[in-house]
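Step one of this worksheet: look at the structure below.
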Amino acid sequence: MVIELTPVTSSTPVTHKLEHEHCSLTEYSQNFGSQPTSPQRPLELVAPYLDKATTRLLDFGCGDGVVSLKLADKVSHFTGTDISPEMVAAASHRGLADVRVLDGHNLLDHIQEREEAGSYDVVFSNLALHWMSRDPERVLRGINSALKPGGVFVAQFVGYMSNMELSLAISLAMLKRGHAQRQWGGFYLPDPDEYKDLLEQNGFTVDVMESRLEPLVLANGVDSFFDTFIRRQLEMLTEQEKEDVLAEMRENLRLFCYRNGKWRSTSNYITFRAFKNAD
């Protein structure tokens, strides 16, 4: 299956969750577009734990509520959180009542302040965790705090090797200019074993851990990736130097990532199910 990234228009649902500290929602939507990756697998993993009469569910990084609607009518109480007020407004407009503006890194404090510790049976998250790069362990502590003992955590996110070609191209261009290699783009991209270890270190037992590589078509090309995720991190360069880096990236990637008039990359999607350990 090939996933195509298309430009967002006023009528296009934006399903990404803006936990990224380097770009605005508007900029992301205009330059990179929505990513219509199917949430089918995480929905399958969470389905056995949903009960209309009893289940309290937290959709962590709920975005505009498109996926949330597939869950809300299957549980007794639905709560959604997202860092973007625009996303929360869109989710509320879809009829989701309890949707909150919240930076995912602050979930632990939020749960404690509202005295909701141990009040959720399920935490679900689709394509949000890779945005929360500042402190992934604190994010997991917040999720653990929200869940009842034995509660289930199901998520899908983008992991290690995603956009590897693009990341390598920017790293080489910057290294050539005397700047040390680093993870450009600001995402948290662990591999499955690494994230499994992190879950286990933070009070979870992992039941399912899967990954799949999927080709990605960049409808707006390398330029959109650069402008959305990289450009503002290059404050050490002049504007002309930034353009030179982009041109060099484009040229170096053309042989490997450009086919039949389209720019292509690859994403690695990690899907898992874990349970909070009993106290």
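The way I read the labels, and the way they are meant: chains A, B, ... in the order of the structure tokens, residue 1 as the first residue of every chain, and ligand 1 as the first ligand shown, with later ones counted on from there.
Near A:Arg177, within 12 Å and counting only C-alpha atoms, sit Ile170, Ser171, Leu172, Ala173, Met174, Leu175, His179, Ala180, Gln181, Leu234, Met236, Leu237, Glu241, Lys242, Asp244, Val245 and Glu248 of chain A; same-chain residues fewer than 2 positions away were not included.
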Would you export the selected residues with C-alpha atoms as an mmCIF file, in the first residue's frame, please?
data_model
loop_
_atom_site.group_PDB
_atom_site.id
_atom_site.type_symbol
_atom_site.label_atom_id
_atom_site.label_comp_id
_atom_site.auth_asym_id
_atom_site.auth_seq_id
_atom_site.Cartn_x
_atom_site.Cartn_y
_atom_site.Cartn_z
ATOM 1 C CA ILE A 170 19.923 16.980 5.830
ATOM 2 C CA SER A 171 22.505 15.477 8.217
ATOM 3 C CA LEU A 172 25.092 15.149 5.443
ATOM 4 C CA ALA A 173 24.424 18.661 4.165
ATOM 5 C CA MET A 174 24.873 20.130 7.633
ATOM 6 C CA LEU A 175 27.915 17.983 8.430
ATOM 7 C CA HIS A 179 27.616 21.146 12.104
ATOM 8 C CA ALA A 180 27.496 17.978 14.186
ATOM 9 C CA GLN A 181 25.057 15.220 13.272
ATOM 10 C CA LEU A 234 18.742 26.165 11.044
ATOM 11 C CA MET A 236 22.786 29.246 12.578
ATOM 12 C CA LEU A 237 22.523 29.658 8.775
ATOM 13 C CA GLU A 241 22.618 29.087 3.148
ATOM 14 C CA LYS A 242 19.282 27.445 4.009
ATOM 15 C CA ASP A 244 21.653 26.034 -0.566
ATOM 16 C CA VAL A 245 21.085 23.198 1.911
ATOM 17 C CA GLU A 248 21.709 20.073 -2.042
#
Using DSSP on the backbone coordinates, identify the residues of stretch 20-228 of chain A assigned to alpha helix (DSSP H); present them as an mmCIF file with C-alpha atoms, in the first residue's frame.
data_model
loop_
_atom_site.group_PDB
_atom_site.id
_atom_site.type_symbol
_atom_site.label_atom_id
_atom_site.label_comp_id
_atom_site.auth_asym_id
_atom_site.auth_seq_id
_atom_site.Cartn_x
_atom_site.Cartn_y
_atom_site.Cartn_z
ATOM 1 C CA LEU A 25 -0.702 23.697 12.782
ATOM 2 C CA THR A 26 -1.388 26.062 9.893
ATOM 3 C CA GLU A 27 2.145 25.698 8.556
ATOM 4 C CA TYR A 28 2.047 21.920 8.900
ATOM 5 C CA SER A 29 -1.304 21.667 7.144
ATOM 6 C CA GLN A 30 -0.353 23.940 4.259
ATOM 7 C CA ASN A 31 3.089 22.493 3.603
ATOM 8 C CA GLN A 40 -7.633 -0.128 11.478
ATOM 9 C CA ARG A 41 -5.005 -2.153 13.332
ATOM 10 C CA PRO A 42 -5.064 -0.180 16.613
ATOM 11 C CA LEU A 43 -8.863 -0.143 16.442
ATOM 12 C CA GLU A 44 -8.796 -3.942 16.141
ATOM 13 C CA LEU A 45 -6.475 -4.218 19.139
ATOM 14 C CA VAL A 46 -8.619 -2.015 21.369
ATOM 15 C CA LEU A 69 -15.929 9.064 16.524
ATOM 16 C CA LYS A 70 -15.178 5.382 15.904
ATOM 17 C CA LEU A 71 -14.615 4.986 19.650
ATOM 18 C CA ALA A 72 -16.919 7.420 21.412
ATOM 19 C CA PRO A 85 -7.054 24.465 20.217
ATOM 20 C CA GLU A 86 -7.999 24.266 16.521
ATOM 21 C CA MET A 87 -8.088 20.481 16.660
ATOM 22 C CA VAL A 88 -10.076 20.477 19.893
ATOM 23 C CA ALA A 89 -12.586 22.911 18.401
ATOM 24 C CA ALA A 90 -12.965 20.656 15.355
ATOM 25 C CA ALA A 91 -13.442 17.589 17.570
ATOM 26 C CA SER A 92 -16.054 19.431 19.645
ATOM 27 C CA HIS A 93 -17.818 20.481 16.456
ATOM 28 C CA LEU A 107 -0.880 14.712 31.207
ATOM 29 C CA LEU A 108 0.516 13.562 34.564
ATOM 30 C CA ASP A 109 -0.061 16.964 36.185
ATOM 31 C CA HIS A 110 -3.458 17.287 34.496
ATOM 32 C CA ILE A 111 -4.649 13.937 35.830
ATOM 33 C CA GLN A 112 -3.477 14.767 39.326
ATOM 34 C CA GLU A 113 -5.037 18.242 39.313
ATOM 35 C CA PRO A 136 8.651 10.425 26.209
ATOM 36 C CA GLU A 137 9.066 8.815 29.618
ATOM 37 C CA ARG A 138 7.021 11.534 31.318
ATOM 38 C CA VAL A 139 4.334 11.004 28.687
ATOM 39 C CA LEU A 140 4.137 7.328 29.653
ATOM 40 C CA ARG A 141 4.002 8.179 33.350
ATOM 41 C CA GLY A 142 0.987 10.353 32.625
ATOM 42 C CA ILE A 143 -0.759 7.590 30.699
ATOM 43 C CA ASN A 144 0.011 5.087 33.447
ATOM 44 C CA SER A 145 -1.442 7.476 36.034
ATOM 45 C CA ALA A 146 -4.663 7.864 34.041
ATOM 46 C CA MET A 164 15.317 8.026 6.876
ATOM 47 C CA GLU A 165 16.420 9.215 3.448
ATOM 48 C CA LEU A 166 15.364 12.794 4.184
ATOM 49 C CA SER A 167 17.015 12.792 7.600
ATOM 50 C CA LEU A 168 20.265 11.442 6.186
ATOM 51 C CA ALA A 169 20.311 14.045 3.424
ATOM 52 C CA ILE A 170 19.923 16.980 5.830
ATOM 53 C CA SER A 171 22.505 15.477 8.217
ATOM 54 C CA LEU A 172 25.092 15.149 5.443
ATOM 55 C CA ALA A 173 24.424 18.661 4.165
ATOM 56 C CA MET A 174 24.873 20.130 7.633
ATOM 57 C CA LEU A 175 27.915 17.983 8.430
ATOM 58 C CA LYS A 176 29.525 19.308 5.253
ATOM 59 C CA PRO A 192 9.883 -1.367 18.655
ATOM 60 C CA ASP A 193 12.307 -2.973 21.132
ATOM 61 C CA GLU A 194 13.339 0.398 22.512
ATOM 62 C CA TYR A 195 9.727 1.461 23.063
ATOM 63 C CA LYS A 196 8.802 -1.909 24.565
ATOM 64 C CA ASP A 197 11.593 -1.435 27.112
ATOM 65 C CA LEU A 198 10.346 2.078 27.896
ATOM 66 C CA LEU A 199 6.812 0.796 28.436
ATOM 67 C CA GLU A 200 8.035 -1.951 30.760
ATOM 68 C CA GLN A 201 10.184 0.508 32.712
ATOM 69 C CA GLY A 221 7.983 17.268 -2.537
ATOM 70 C CA VAL A 222 11.120 17.619 -0.434
ATOM 71 C CA ASP A 223 10.573 21.377 -0.102
ATOM 72 C CA SER A 224 7.469 20.910 2.067
ATOM 73 C CA PHE A 225 9.303 18.568 4.447
#
Got a sec to tell me which of stretch 135-215 of chain A DSSP assigns to strand (DSSP E), as a PyMOL selection string? chain A and resi 147-158+204-215
